[in-house]
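Student: First the structure, then my questions, so here it is.
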Amino acid sequence: MNCPVLSATINGVFVGRIVDHWFDKPPSAIHKLAADGPQTVTTVGFDADAQADLNVHGGPDKAIHHYAADHYASWQSEGLLPPGTLPAAFGENLSTFGMNEETLCIGDILTAGSATLQISQGRQPCWKLNEHTGQKTMAYQFQKTGRTGWYYRILEPGIIQVGDEINLTSRPCPDWSVAKVTRARLTKRIGAEEAAHLSRLPELASGWRDAFRKMANGQLDEDTRKRLSPA
């Protein structure tokens, strides 16, 4: 299968710890700081990173969140981020220029430093984005624009640091861009046949396969209150 040449230089590696950021709301590790030097990557992400709610963040299928630094200019021009805002504003772990949701596909395998990563799903925005950015509609804007970033599972643990190259090495699912699948997952605008196909796609995160299985069966109701509203 043909695999396009796609590579970028990692310009940011970010990690965070669980902190009580907001009064009367659950704690979070969305506030990420730039990591100095080589960072160890295990099967559940950066060793120095943490996630507060493993129901919606983290775990083997959501070990690392990668966000396209290219999107920051759009957010700023739209008035949703202050001028000069730098990567990590959305709680991402990796930042690059030159890769995005349209150019990458579910199942893509990439090397980054000495680690091997596979794209497992897009990001489902939650209420913490609103709190962290100070924009009450940010989770909605993520969903509306499709500028969500994507998650990796770790095929081979290793070491990643700023300045490393990230290179696409294999594309098993060329028909399923991250943008297309994430849009279908978040809007549920997808035909039953396509939803059934995605429910059987082994490269897709198990939680998303389950969601598409329900869509294929006509179950379009989903309780998103826990994701979009603080407990």
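In the structure tokens, chains take the letters A, B, ... in the order shown, each chain's residues start at 1, and ligands count up from 1 in the order shown.
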Leaving out Arg147 (chain A) and any residue of its chain fewer than 3 positions from it, which residues lie within 8 Å of it when counting only C-alpha atoms, given as a PyMOL selection string?
Tutor: chain A and resi 71+101+142-143
Student: Excluding region 199-215 of chain A and its own-chain neighbours fewer than 6 positions away, which residues fall within 9 Å of it when counting only C-alpha atoms? Please give them as a ChimeraX atom specification.
Tutor: /A:61-62,106-108,118-121,153,172-173,184-185,188,190-192,221
Student: Write out as a PDB file with C-alpha atoms, in the first residue's frame all residues of region 10-165 of chain A that backbone DSSP assigns to strand (DSSP E).
Tutor:
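The resulting file, selection.pdb, is shown below:
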```
ATOM      1  CA  GLY A  12       7.097  21.034  21.808  1.00  0.00           C
ATOM      2  CA  VAL A  13       6.816  18.211  24.363  1.00  0.00           C
ATOM      3  CA  PHE A  14       4.500  18.967  27.284  1.00  0.00           C
ATOM      4  CA  VAL A  15       3.625  17.134  30.486  1.00  0.00           C
ATOM      5  CA  LEU A  33       4.465  22.563  30.919  1.00  0.00           C
ATOM      6  CA  ALA A  34       7.353  22.287  28.482  1.00  0.00           C
ATOM      7  CA  GLN A  39      11.247  12.123  27.863  1.00  0.00           C
ATOM      8  CA  THR A  40      10.463   8.455  28.438  1.00  0.00           C
ATOM      9  CA  VAL A  41       7.378   7.126  26.644  1.00  0.00           C
ATOM     10  CA  THR A  42       5.648   4.037  28.062  1.00  0.00           C
ATOM     11  CA  GLY A  45       2.209   7.901  27.513  1.00  0.00           C
ATOM     12  CA  PHE A  46       4.948  10.129  28.831  1.00  0.00           C
ATOM     13  CA  ILE A  64      -0.361  10.907  23.870  1.00  0.00           C
ATOM     14  CA  HIS A  65      -2.292  13.864  22.485  1.00  0.00           C
ATOM     15  CA  HIS A  66      -0.763  15.570  19.425  1.00  0.00           C
ATOM     16  CA  TYR A  67      -1.985  18.996  18.325  1.00  0.00           C
ATOM     17  CA  ALA A  68      -1.130  20.890  15.154  1.00  0.00           C
ATOM     18  CA  LEU A  94       3.164  17.004  21.299  1.00  0.00           C
ATOM     19  CA  SER A  95       3.289  20.000  18.972  1.00  0.00           C
ATOM     20  CA  THR A  96       4.397  20.185  15.338  1.00  0.00           C
ATOM     21  CA  ILE A 109       1.972   4.489  12.227  1.00  0.00           C
ATOM     22  CA  LEU A 110       4.672   7.054  12.916  1.00  0.00           C
ATOM     23  CA  THR A 111       8.119   7.011  14.449  1.00  0.00           C
ATOM     24  CA  ALA A 112       8.963   9.771  16.913  1.00  0.00           C
ATOM     25  CA  ALA A 115       9.198   5.411  19.927  1.00  0.00           C
ATOM     26  CA  THR A 116       6.616   4.042  17.488  1.00  0.00           C
ATOM     27  CA  LEU A 117       3.114   5.515  17.665  1.00  0.00           C
ATOM     28  CA  GLN A 118      -0.242   4.719  16.035  1.00  0.00           C
ATOM     29  CA  ILE A 119      -3.160   7.129  15.630  1.00  0.00           C
ATOM     30  CA  SER A 120      -6.140   5.668  17.459  1.00  0.00           C
ATOM     31  CA  GLN A 121      -8.792   8.423  17.455  1.00  0.00           C
ATOM     32  CA  GLY A 122      -9.446  12.147  17.399  1.00  0.00           C
ATOM     33  CA  TRP A 150      -5.504  13.248  17.730  1.00  0.00           C
ATOM     34  CA  TYR A 151      -4.421  10.528  20.119  1.00  0.00           C
ATOM     35  CA  TYR A 152      -1.764   7.845  19.822  1.00  0.00           C
ATOM     36  CA  ARG A 153      -1.404   4.375  21.222  1.00  0.00           C
ATOM     37  CA  ILE A 154       2.193   3.316  21.800  1.00  0.00           C
ATOM     38  CA  LEU A 155       3.388   0.410  19.674  1.00  0.00           C
ATOM     39  CA  GLU A 156       6.996   0.656  20.842  1.00  0.00           C
ATOM     40  CA  GLY A 158      11.038   4.864  23.618  1.00  0.00           C
ATOM     41  CA  ILE A 159      12.420   8.351  24.128  1.00  0.00           C
ATOM     42  CA  ILE A 160      11.070  11.574  22.583  1.00  0.00           C
ATOM     43  CA  GLU A 165      11.637  14.033  13.730  1.00  0.00           C
TER      44      GLU A 165
END
```
Student: Pick out the closest residue to Ala139 (chain A) from this set: A:Arg171, A:Thr9, A:Pro26, A:Phe90. Count only C-alpha atoms.
Tutor: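 Among A:Arg171, A:Thr9, A:Pro26, A:Phe90, it is A:Phe90 that comes nearest to Ala139 (chain A).
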Student: CA of Ile18 (chain A) and CA of Val44 (chain A) are how many Å apart?
Tutor: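 Distance reported for this atom pair: 15.8 Å.
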Student: Between CA of Ile30 (chain A) and CA of Gly91 (chain A), measure the distance and give it in Å to one decimal.
Tutor: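 CA of Gly91 (chain A) lies 4.6 Å from CA of Ile30 (chain A).
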Student: Between CA of Ala35 (chain A) and CA of Ile166 (chain A), what is the distance in Å, rounded to a tenth?
Tutor: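 Distance between the two atoms: 17.1 Å.
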